[in-house]
Structures are given as C-alpha cells and as structure tokens.
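Have a look at the structure below before the remarks.
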Amino acid sequence: MSDPRVLVVGGGPGGASAAYWLARRGFDVLLVEKKTYPRDKTCGDGLTPRAVRQLIDMGFDFDREDVHKIVGLRAYAGDLRIELPWPQHTVYPDWGATLRRADLDMQVATYAEKQGAVVRQSTEAIAVVEDGELVGVDLKENGGVERISPEMVVIADGSLTRFGRKLGTARRRDYPYGLGVRGYYESSNSRDGFLESQLNIYDKEGRAMPGYGWVFPLGDDSINVGVGVISSFRGWKDVNTSRLMDAYASSLPAYWGLDEESQLTKPVGGKLPMAFSVGPKSGRNWLAIGDAAGAVNPFNGEGIDYAYETGRLAAEVIEDTLGSGDPGRLRAYDQALEDEYGAYHRVARAFVIAIGNPVMMRTLTRVGLRSRPLMEWVLKVMANLLEPDEYGMQERVYKAVEAVVRLGPDPVLK
Ligand SMILES: Cc1cc2nc3c(=O)[nH]c(=O)nc-3n(C[C@H](O)[C@H](O)[C@H](O)COP(=O)(O)OP(=O)(O)OC[C@H]3O[C@@H](n4cnc5c(N)ncnc54)[C@H](O)[C@@H]3O)c2cc1C
C-alpha cells in the first residue's frame, strides 16, 4: 500500500475520534486496530454528558435501542444515599448513557470510515525507532509484515501503550493511577436510569477498603458491576480486587435482584492512567492521546470522553502542522492540553492524594452526602461540567474537601 499521510495506532475511542476528525478535514488517514471488531474492552461502559456531546458531534445515533440513557448519579456512603440529576449546562446535555464498549467502539470506527479513513483490523503497528526517533512503522497482519512511512502518527494504543513506550513515553510514578475490575450480571433492574456508586466498600471480613464500587445499568437485563482502587491509598497494592469484587457484588441493594446465578462473566481488570501522567505527549512526528497519554479524569475514572477529546485536539494540531509545513507547530499540542486540562488535573491530583486515607474518605463522603447543594457541586466538578464562569469552583470544592479531611475521622458522626 502507499504510505498514508497520517497513521492512527489503535481503534478505541481515542483512535477512532482522531481518525474521524482527520478524515473529516480531508486527510488521508489509516487507522490500524490489532483486534477484530466487535472487540471487548474492560470498562464500566458509562458515558457522561461530556462523552455524549463528543459522540453527538460525530453523528452518533442515541435513539438506537441498545443505548440506555442515564439521568444522573445515585451515591451511597454506608446507609446514606443521594440521587443527583446531571446538571443543566449550556454545552453539554443533561443526560448520559451506557453502552457496551464492544458495540460503541466498533460504531465510532465505522463513523471514521464513513468520513474517508481506511480502517484495518487485526493489524498490529510496531514502531521502528532509530536514535530515539520514529522513522517508520511495521504493520503486522496475517503473519506478514509491511513497512510504511507516514508523515505523522497518532498513538492511541491504550494504557499499556507498547508503541508509545518504544518511543520513550513513561508514566510518572509520583502521579496516582487506578486499577479497576468489572463483570456483567443479569439484573431485573437493568432499566434503572441512574449510575450507582458505593463510596465506602468493605471486604468479606467487614474491613473498609481503599476504593469505591459501581453499578452501571445497561438496559438490556444486564448491569456492569465493578470496583476501583486508587494508588494514593496506602495498602492498595495488597487489595485482592477479585475478592473485593465478590464481596461488593454480594452486598448490593436488593433492588438489583442479584443471586448466585446472576453472574454473566468473570471479572476482568484493567489500569486507569490518570491526570496526563504519561509523557512526553509529542515528538517530532507523533502525538499521544487517550490512555496512551494518561488522560483519565482522576476525580471519577472517566477516560472515554478524554480519549475522544484528545483525539479531536490532536486532529486540529496535525491539520495546523501539516498545513503550515512547520513541524515545530506539533508542540502546540502540549500547550493545548495544558490550557484545556492543566488546572483541573492539578486540583484532581491533589484531591485524590487528600482522600488517600480510607478513614478520611469515609468521613468526607458521609459529610458530603448529608448536603445536597455540596454534592451537586461535587458532581459538577467531578464530571468536569462547570460553566466557564464557574471555573475556580474546583479549587473551592477541593479546599472544602481539604478542610473536612483536616478535621479528622468522622467528626460529624462521633
Ligand atoms: C475497569 C475499568 C472501568 C472503566 N470504566 C469507565 C467508564 O465507565 N467510563 C469511562 O469513560 N471510562 C472508563 N474506563 C476508562 C476507559 O476504558 C479508557 O480510558 C478508554 O478506553 C481509553 O480509550 P483509548 O482509545 O485511549 O484506549 P483503548 O480503549 O484501550 O483502545 C486502545 C486500542 O488500541 C489497540 N491497540 C493496542 N496496541 C496496538 C497496536 N500496536 N497496533 C494496533 N492496535 C493496537 C487495542 O486493541 C485497543 O483497541 C474504565 C477503565 C477500566 C480499566
């Protein structure tokens, strides 16, 4: 094949979005995905209003039967419970959705194809590196290897990012990251309109665990159940996430209708690289996006939307760079990421470190869940749904969190 002008490595949300926006701008784009669609991806399958906005912009049909719309978040801290609708916003819809990743990712890759991108499945891209520079890409397909030399490469190969690592990208060890496990269960309540989150979870012996659990209803008689732990909690490495997941699933409220027969799939785990902890994010002829850049939101573990957003941003920067003929303009990508997410992620990182003590986390959630106005703000901040004139609120919410944390364990409950 002739060399494509831009190669996109990986056909998850990031890669499909980059390919979509590049093809729409008229570029000759090849997207390679090493698996075959529909391919599974370990995920909670939850889409916030931000992700829905990105999908609408790419022409996604939310009236499809397999899409389940979500009106808000239900949070528990022990026996305290609160239901919060998604906020009204001038840019984002006031609803979210759930959809299995196998279907979602295949669909978005199809949209990229419709814009003119060439999508090659079952094709693995391997970086050819000389003196630290990307000088070509080997495409492995059906036992054969073909070398291509695209002008520009978008690295969207997910949290393991083998392609990126070959070019020297690495995760900052002083930044938090997450580990999550999820499984599917049959449930009579799968049409529930809320994402559910248990903010205090316990192991089988009743010990508080450094993490939180979720139930995301899929609207098709099944639910996605998972637990996540964040590396800022001491002892998080010793947590057996599979056992935690069993304990969590067996402790869910009765309205989910789970019993011993309900489990549909064995739990599987994955990493969540957060707060743009992976870098460098650009080189002479490449950009890294999505999980390959560590783009997950530390506040809530959301990564699909940020993969879409960084893919779109990468397309804009590549258009400018190739259009101007000045390769140096690729560096604008780093600045654009800083402008868009820098302040938010600094607060989010500090927040995740502040809640690193499970006792403090319990304190905070129990204080928080008693105040609806506070929780409404917290949801807005955590899902990154502030209006421009509300920026700065994240710092204020974080300072409130810090104040609660400084008060010590359960001041309200003692
Ligand atoms: C347990 C868990 C639950 C989560 N829940 C949610 C949630 O509910 N909502 C949310 O928004 N986020 C969630 N996330 C995060 C979300 O899954 C990721 O942030 C998101 O998938 C990142 O998209 P991506 O395109 O960067 O990478 P990926 O989705 O990982 O896609 C990368 C793709 O690249 C392909 N690939 C890899 N190497 C190569 C190669 N060399 N050549 C060709 N192809 C290659 C892979 O096969 C894969 O298809 C969760 C994560 C975990 C682990």
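Going by the structure tokens order, chains are called A, B, ..., each with residues numbered from 1, while ligands are numbered from 1 in the order shown.
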Exercise for the section: Please give me, as a PyMOL selection string, the residues lying within 6 Å of ligand 1 when counting only C-alpha atoms and all ligand atoms. Expected result: chain A and resi 9-15+32-35+42-47+123-126+156-159+163+180-182+269-272+290-292+296+301-305+307
Problem - Those in region 81-186 of chain A with strand (DSSP E or B) from DSSP, as an MDAnalysis selection string - result: chainID A and resid 81:85 96:98 118:120 124:130 133:141 144:148 152:155 170:171 177:186
Exercise for the section: Enumerate as an NGL selection string all residues of region 180-375 of chain A assigned to alpha helix (DSSP H) by DSSP on the backbone, naming them with the chain letters and numbers the document uses. Expected result: :A and (241-250 or 304-324 or 332-337 or 343-354 or 358-368 or 372-375)
Practice task
Would you kindly return, as a VMD selection string, each protein, DNA or RNA residue with an atom no farther than 12 Å from any atom of Glu376 (chain A), considering only C-alpha atoms and excluding same-chain residues fewer than 5 positions away?
Solution key: chain A and resid 72 to 75 82 to 88 368 to 371 381 to 383 385 to 386 393 397
Mind dumping the selected residues with C-alpha atoms as a PDB file, in the first residue's frame?
```
ATOM      1  CA  GLY A  72     -27.868  11.108  36.952  1.00  0.00           C
ATOM      2  CA  LEU A  73     -25.836   9.614  39.760  1.00  0.00           C
ATOM      3  CA  ARG A  74     -27.009   7.762  42.858  1.00  0.00           C
ATOM      4  CA  ALA A  75     -24.320   7.711  45.541  1.00  0.00           C
ATOM      5  CA  ILE A  82     -28.430  10.643  47.486  1.00  0.00           C
ATOM      6  CA  GLU A  83     -29.723  10.864  43.900  1.00  0.00           C
ATOM      7  CA  LEU A  84     -28.317  13.707  41.805  1.00  0.00           C
ATOM      8  CA  PRO A  85     -29.547  14.520  38.301  1.00  0.00           C
ATOM      9  CA  TRP A  86     -26.898  15.546  35.761  1.00  0.00           C
ATOM     10  CA  PRO A  87     -26.688  19.358  35.874  1.00  0.00           C
ATOM     11  CA  GLN A  88     -28.089  21.703  33.235  1.00  0.00           C
ATOM     12  CA  GLY A 368     -20.840  15.264  51.776  1.00  0.00           C
ATOM     13  CA  LEU A 369     -23.854  13.034  51.373  1.00  0.00           C
ATOM     14  CA  ARG A 370     -25.696  14.974  54.080  1.00  0.00           C
ATOM     15  CA  SER A 371     -25.596  18.134  51.957  1.00  0.00           C
ATOM     16  CA  VAL A 381     -16.642  19.288  39.491  1.00  0.00           C
ATOM     17  CA  MET A 382     -16.033  15.545  39.311  1.00  0.00           C
ATOM     18  CA  ALA A 383     -17.694  15.142  35.925  1.00  0.00           C
ATOM     19  CA  LEU A 385     -19.296  20.021  33.938  1.00  0.00           C
ATOM     20  CA  LEU A 386     -18.647  23.549  35.215  1.00  0.00           C
ATOM     21  CA  MET A 393     -15.115  26.200  41.793  1.00  0.00           C
ATOM     22  CA  VAL A 397     -14.616  22.329  46.397  1.00  0.00           C
TER      23      VAL A 397
END
```
Practice task
Using only C-alpha atoms, determine which residues lie at most 8 Å from Arg147 (chain A), disregarding the query and same-chain residues fewer than 5 positions distant; provide the list as number ranges by chain.
Solution key: A: 136-139
With a cut-off of 9 Å, could you pull out the residues of region 115-229 of chain A touching region 65-69 of chain A and give me the nearest pair of atoms for each, distance in Å to one decimal, using only C-alpha atoms, ordered by chain and ascending number, as a tab-separated table?
```
residue	atom	partner	partner_atom	distance
A:Arg191	CA	A:His68	CA	7.6
A:Gly193	CA	A:Lys69	CA	6.6
A:Phe194	CA	A:Lys69	CA	8.7
A:Pro217	CA	A:His68	CA	7.9
A:Leu218	CA	A:His68	CA	5.9
A:Gly219	CA	A:His68	CA	5.4
A:Asp220	CA	A:Asp66	CA	7.5
```
Fill in the blank from the handout: Residue with the minimum atom-to-atom distance to Ser250 (chain A), picked from A:Gly342, A:Gly226, A:Gly116, A:Pro176 with only C-alpha atoms counted, is A:Gly226
Handout entry: Surrounding residues of Gly178 (chain A) excluding itself and chain neighbours under 3 positions, 7 Å, only C-alpha atoms, as number ranges by chain
Key = A: 228-231, 271-273
Exercise for the section: Give me the residues within 12 Å of Ile353 (chain A) as a PyMOL selection string, counting only C-alpha atoms and dropping any in the same chain fewer than 5 places off. Expected result: chain A and resi 174-177+230-234+298-299+346-348+358+360-361+398+401-402+405
